[in-house]
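Visitor: What follows is input-v3.cif; its format and atoms are mmCIF, C-alpha atoms.
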data_target
#
loop_
_atom_site.label_atom_id
_atom_site.label_comp_id
_atom_site.auth_asym_id
_atom_site.auth_seq_id
_atom_site.Cartn_x
_atom_site.Cartn_y
_atom_site.Cartn_z
CA MET M 1 -69.62 43.33 -5.71
CA LYS M 2 -68.71 43.71 -9.37
CA LYS M 3 -65.21 42.84 -10.54
CA LEU M 4 -63.17 45.78 -11.83
CA MET M 5 -60.12 45.99 -14.05
CA VAL M 6 -58.31 49.28 -14.73
CA PHE M 7 -56.38 49.79 -17.97
CA VAL M 8 -53.88 52.66 -17.79
CA ASP M 9 -52.13 54.39 -20.68
CA ASN M 10 -49.22 55.38 -18.45
CA ALA M 11 -47.57 57.90 -20.77
CA TYR M 12 -50.86 59.78 -20.98
CA LEU M 13 -51.34 59.67 -17.23
CA VAL M 14 -47.78 60.80 -16.44
CA HIS M 15 -48.03 63.69 -18.90
CA GLU M 16 -51.34 64.89 -17.47
CA ALA M 17 -50.20 64.56 -13.85
CA ARG M 18 -47.13 66.63 -14.67
CA ARG M 19 -49.28 69.26 -16.37
CA LEU M 20 -51.51 69.43 -13.29
CA GLY M 21 -48.54 69.78 -10.96
CA ILE M 22 -49.11 66.39 -9.34
CA LYS M 23 -46.55 63.85 -8.14
CA LEU M 24 -48.25 60.76 -9.48
CA SER M 25 -49.25 57.88 -7.20
CA HIS M 26 -50.64 54.90 -9.10
CA LYS M 27 -51.87 53.33 -5.86
CA LYS M 28 -53.86 56.44 -4.99
CA LEU M 29 -55.36 56.67 -8.46
CA VAL M 30 -56.47 53.04 -8.55
CA ASN M 31 -57.90 53.30 -5.03
CA PHE M 32 -59.90 56.35 -6.12
CA LEU M 33 -61.19 54.65 -9.27
CA SER M 34 -62.17 51.45 -7.49
CA ASN M 35 -63.78 53.01 -4.40
CA GLN M 36 -64.84 56.62 -4.99
CA ALA M 37 -65.04 57.63 -8.64
CA PHE M 38 -68.26 55.75 -9.33
CA ILE M 39 -69.39 53.08 -6.85
CA PRO M 40 -67.18 50.64 -4.92
CA TYR M 41 -65.88 47.72 -6.97
CA ASP M 42 -63.76 44.65 -6.29
CA ILE M 43 -60.49 45.58 -7.99
CA THR M 44 -59.01 42.43 -9.53
CA ARG M 45 -56.23 43.97 -11.59
CA ALA M 46 -54.80 47.29 -12.74
CA ILE M 47 -52.59 47.06 -15.82
CA LEU M 48 -50.15 49.86 -16.65
CA TYR M 49 -48.89 50.10 -20.22
CA CYS M 50 -45.54 51.89 -19.91
CA SER M 51 -42.99 53.18 -22.42
CA ILE M 52 -39.24 53.33 -21.86
CA ASP M 53 -36.96 55.73 -23.71
CA ARG M 54 -33.67 53.94 -24.43
CA SER M 55 -32.04 57.13 -25.73
CA VAL M 56 -31.65 58.65 -22.25
CA PRO M 57 -28.63 57.96 -19.98
CA ASP M 58 -28.34 54.46 -18.52
CA ASP M 59 -28.94 55.65 -14.96
CA GLN M 60 -32.28 57.15 -15.99
CA ILE M 61 -33.30 53.94 -17.74
CA GLU M 62 -32.35 51.95 -14.65
CA CYS M 63 -34.34 54.30 -12.44
CA MET M 64 -37.39 53.92 -14.68
CA GLU M 65 -37.04 50.14 -14.81
CA ASN M 66 -36.76 49.99 -11.01
CA LEU M 67 -39.88 52.15 -10.62
CA TYR M 68 -41.90 49.89 -12.91
CA ASP M 69 -40.60 46.78 -11.13
CA THR M 70 -41.70 48.27 -7.81
CA ILE M 71 -45.18 49.07 -9.12
CA ASN M 72 -45.41 45.56 -10.58
CA ARG M 73 -45.04 44.16 -7.06
CA PHE M 74 -48.03 46.11 -5.73
CA PRO M 75 -51.06 43.91 -5.02
CA ASN M 76 -53.35 43.62 -8.07
CA PHE M 77 -50.95 45.62 -10.27
CA GLU M 78 -49.31 44.52 -13.50
CA VAL M 79 -46.84 46.56 -15.56
CA LYS M 80 -46.32 45.93 -19.26
CA LYS M 81 -43.24 47.65 -20.66
CA PHE M 82 -42.63 48.84 -24.20
CA TYR M 83 -39.70 50.68 -25.77
CA LEU M 84 -40.05 53.89 -27.73
CA LYS M 85 -39.16 53.56 -31.39
CA LEU M 86 -36.38 55.99 -32.26
CA ILE M 87 -36.50 57.65 -35.69
CA TYR M 88 -33.08 58.84 -36.87
CA GLY M 89 -32.20 61.57 -39.34
CA ASP M 90 -29.60 61.52 -42.11
CA LYS M 91 -26.82 62.55 -39.72
CA GLY M 92 -27.67 59.97 -37.11
CA GLN M 93 -29.52 62.35 -34.83
CA ILE M 94 -32.78 61.33 -33.19
CA GLU M 95 -35.57 63.22 -34.95
CA LYS M 96 -38.59 61.55 -33.39
CA LYS M 97 -39.61 59.16 -30.64
CA VAL M 98 -42.70 57.06 -31.29
CA GLU M 99 -44.66 55.03 -28.76
CA LYS M 100 -45.17 51.56 -30.23
CA GLY M 101 -47.36 48.72 -29.05
CA VAL M 102 -49.09 50.40 -26.11
CA ASP M 103 -52.44 51.10 -27.76
CA VAL M 104 -52.60 47.68 -29.39
CA ALA M 105 -51.75 45.90 -26.13
CA LEU M 106 -54.30 47.85 -24.11
CA ALA M 107 -57.05 47.32 -26.67
CA THR M 108 -56.23 43.62 -27.00
CA ASP M 109 -56.27 43.09 -23.24
CA LEU M 110 -59.52 44.99 -22.81
CA VAL M 111 -61.24 42.65 -25.27
CA ALA M 112 -59.45 39.45 -24.22
CA TYR M 113 -60.14 39.85 -20.50
CA ALA M 114 -63.77 40.65 -21.27
CA HIS M 115 -64.17 37.35 -23.11
CA LEU M 116 -62.41 35.57 -20.24
CA ASN M 117 -64.99 37.14 -17.90
CA ALA M 118 -62.14 38.56 -15.83
CA TYR M 119 -64.13 41.72 -15.14
CA ASP M 120 -67.64 43.08 -15.03
CA VAL M 121 -66.49 46.70 -15.20
CA ALA M 122 -63.49 48.26 -16.92
CA ILE M 123 -62.09 51.75 -16.48
CA VAL M 124 -59.82 52.99 -19.25
CA CYS M 125 -57.39 55.77 -18.29
CA SER M 126 -56.68 57.42 -21.62
CA GLY M 127 -57.90 60.16 -23.90
CA ASP M 128 -57.33 58.32 -27.19
CA GLU M 129 -60.31 57.79 -29.49
CA ASP M 130 -58.56 54.77 -31.03
CA PHE M 131 -60.01 52.74 -28.15
CA ILE M 132 -63.61 53.37 -29.22
CA PRO M 133 -64.03 50.17 -31.32
CA CYS M 134 -62.86 47.86 -28.53
CA ILE M 135 -64.96 49.75 -25.97
CA GLU M 136 -68.02 49.29 -28.16
CA HIS M 137 -67.19 45.61 -28.55
CA VAL M 138 -66.94 44.83 -24.83
CA LYS M 139 -70.10 46.83 -24.16
CA ASN M 140 -71.88 44.67 -26.73
CA ILE M 141 -70.96 41.52 -24.82
CA GLY M 142 -72.40 42.92 -21.60
CA LYS M 143 -69.46 44.65 -19.91
CA GLU M 144 -69.52 48.15 -18.44
CA VAL M 145 -66.77 50.48 -19.63
CA TYR M 146 -65.94 53.87 -18.17
CA VAL M 147 -63.27 56.42 -18.98
CA ALA M 148 -60.99 58.40 -16.66
CA SER M 149 -59.24 61.26 -18.41
CA CYS M 150 -58.54 64.98 -18.48
CA GLU M 151 -61.06 66.91 -20.53
CA GLU M 152 -58.33 69.15 -21.96
CA SER M 153 -56.67 66.17 -23.66
CA SER M 154 -59.45 63.64 -24.14
CA SER M 155 -61.42 62.82 -27.23
CA VAL M 156 -65.07 63.76 -26.81
CA SER M 157 -65.95 60.73 -28.93
CA LEU M 158 -64.13 58.47 -26.48
CA ILE M 159 -66.08 59.91 -23.57
CA ASP M 160 -69.33 59.53 -25.50
CA ALA M 161 -68.54 55.87 -26.25
CA SER M 162 -68.22 55.06 -22.56
CA LEU M 163 -71.07 54.54 -20.09
CA GLY M 164 -69.58 57.22 -17.86
CA TRP M 165 -66.59 59.47 -17.41
CA VAL M 166 -64.61 60.85 -14.49
CA SER M 167 -62.51 63.99 -14.87
CA LEU M 168 -58.95 63.55 -13.65
CA THR M 169 -58.48 67.31 -13.91
CA LYS M 170 -61.27 68.01 -11.44
CA ASN M 171 -60.03 65.14 -9.26
CA ALA M 172 -56.36 66.12 -9.49
CA LEU M 173 -55.66 65.46 -5.82
CA GLN M 174 -56.73 61.84 -6.32
CA LEU M 175 -53.73 61.31 -8.60
CA GLY M 176 -51.12 61.97 -5.94
CA GLU M 177 -49.42 64.76 -4.04
CA LEU M 178 -49.46 68.37 -5.11
CA TYR M 179 -46.33 69.90 -6.65
CA SER M 180 -47.92 73.29 -7.32
CA GLN M 181 -51.20 75.22 -7.14
CA SER M 182 -52.00 74.74 -10.82
CA TYR M 183 -55.01 72.44 -10.36
CA PRO M 184 -58.59 73.77 -10.45
CA ASN M 185 -60.36 74.44 -7.17
CA ASN M 186 -63.60 72.71 -8.18
CA TYR M 187 -62.30 69.14 -8.19
CA ASN M 188 -64.32 66.09 -7.14
CA ARG M 189 -66.70 65.92 -10.07
CA VAL M 190 -68.01 62.83 -11.83
CA PHE M 191 -70.33 62.79 -14.83
CA VAL M 192 -72.22 59.59 -15.64
CA ARG M 193 -74.72 58.75 -18.32
CA GLU M 194 -78.34 58.45 -17.30
CA ASN M 195 -79.98 55.04 -17.07
CA THR M 196 -76.79 53.20 -16.07
CA PRO M 197 -76.19 51.32 -12.80
CA VAL M 198 -73.34 53.64 -11.86
CA VAL M 199 -74.08 56.33 -9.29
CA ALA M 200 -72.63 59.77 -9.97
CA ALA M 201 -70.66 61.32 -7.13
CA VAL M 202 -71.79 64.82 -8.05
CA GLY M 203 -73.21 65.37 -11.50
CA VAL M 204 -75.03 63.37 -14.18
CA LYS M 205 -74.27 63.69 -17.85
CA GLY M 206 -77.31 63.33 -20.07
CA ASN M 207 -77.34 61.74 -23.47
#
Would you mind writing the file out in structure tokens?

Guide:
Amino acid sequence: MKKLMVFVDNAYLVHEARRLGIKLSHKKLVNFLSNQAFIPYDITRAILYCSIDRSVPDDQIECMENLYDTINRFPNFEVKKFYLKLIYGDKGQIEKKVEKGVDVALATDLVAYAHLNAYDVAIVCSGDEDFIPCIEHVKNIGKEVYVASCEESSSVSLIDASLGWVSLTKNALQLGELYSQSYPNNYNRVFVRENTPVVAAVGVKGN
């Protein structure tokens, strides 16, 4: 069985789960990606790249830290934490919050673990086209890379760069428990490029 690593842009995932009305379960998502989304894989590690907002009240920061510490203790999970950069205005007010370090860390790990032969297959949970160069690189050294994202917020170029793509919108119930009825009814769809070793659950995406 091929070794799988999952690389999760957590801010993206949390935002999309909230939009879909889903109470996010990282365990459920990773189980879906490793066993159902494509074909079964041997999950070796799932890395979450998480941002913490230090401008919120201390009790909220503590709650967030405790959540990430709990996830970090799950089998095969690793949480990497980063702090939002706060941009202040002339009067000392916070004008902007910028996520720093997440994209670089995810891209670096994707390439580094490929060269360490830590995985045969990688699934990137993000919609950011900035990951295209590192995806192309690890494909060139013989690794399979797939993308899990929501089509409403994902770069088409990112999807095209991968060997296959699974819609998190159409698989909303695989992200966790339902908060509302806002998710589409036609979930459980996977689109995979032709001529790859991955078996599509429902549909096949041609080139």

Visitor: Near region 43-56 of chain M, counting all atoms listed in the file, which residues have an atom at most 8 Å away, once you skip same-chain residues fewer than 5 positions from it, shown as a ChimeraX atom specification?

Guide: /M:3-11,30,34,61,64,76-84,86,99,102,105-106,119

Visitor: What does the distance between CA of Tyr146 (chain M) and CA of Ser167 (chain M) come to in Å, to one decimal place?

Guide: 11.2 Å

Visitor: Just to confirm, what's the straight-line distance from CA of Glu129 (chain M) to CA of Asp69 (chain M) in Å (one decimal)?

Guide: 29.1 Å

Visitor: Using the chain letters and numbers from the file, give me the residues hit by the PyMOL selection byres ((chain M and resi 174) around 12), as an MDAnalysis selection string.

Guide: chainID M and resid 17 20 22:37 148 166:173 175:178 183 187:189

Visitor: Could you work out how far CA of Arg18 (chain M) lies from CA of Gly101 (chain M), giving the answer in Å with one decimal?

Guide: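 Between CA of Gly101 (chain M) and CA of Arg18 (chain M) the gap is 23.0 Å.
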
Visitor: Run through the PyMOL selection byres ((chain M and resi 163) around 6) on the given coordinates and return the selected residues as a list of chain:residue names.

Guide: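 Applying the expression gives M:Val145, M:Tyr146, M:Ser162, M:Gly164, M:Arg193.
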
Visitor: Near Val111 (chain M), counting only C-alpha atoms, which residues have an atom at most 9 Å away, once you skip same-chain residues fewer than 3 positions from it, shown as a ChimeraX atom specification?

Guide: /M:106-108,114-116,134-135,137-138

Visitor: Of the candidates M:Thr70, M:Asn117, M:Asn140, M:Gln93, which one gets nearest to Ala161 (chain M) if we count all atoms listed in the file?

Guide: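 That would be M:Asn140, the residue with the smallest distance to Ala161 (chain M).
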
Visitor: Rank nothing, just name the residue among M:Leu158, M:Cys125, M:Ala112, M:Ile71 nearest to Ile141 (chain M), using all atoms listed in the file.

Guide: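 Among the listed residues, M:Ala112 lies closest to Ile141 (chain M).
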
Visitor: Sorted by chain and rising residue number, which residues of region 127-154 of chain M lie within 10 Å of region 12-15 of chain M, and what are their closest atom pairs and distances in Å to one decimal, counting all atoms listed in the file, as a Markdown table?

Guide:
| residue | atom | partner | partner_atom | distance |
| --- | --- | --- | --- | --- |
| M:Gly127 | CA | M:Tyr12 | CA | 7.6 |
| M:Asp128 | CA | M:Tyr12 | CA | 9.1 |
| M:Ala148 | CA | M:Leu13 | CA | 9.7 |
| M:Ser149 | CA | M:Leu13 | CA | 8.1 |
| M:Cys150 | CA | M:Leu13 | CA | 9.0 |
| M:Ser153 | CA | M:Tyr12 | CA | 9.0 |
| M:Ser154 | CA | M:Tyr12 | CA | 9.9 |

Visitor: From the list M:Val147, M:Val156, M:Leu67, M:Ile87, which residue is nearest Val121 (chain M) when using only C-alpha atoms?

Guide: M:Val147
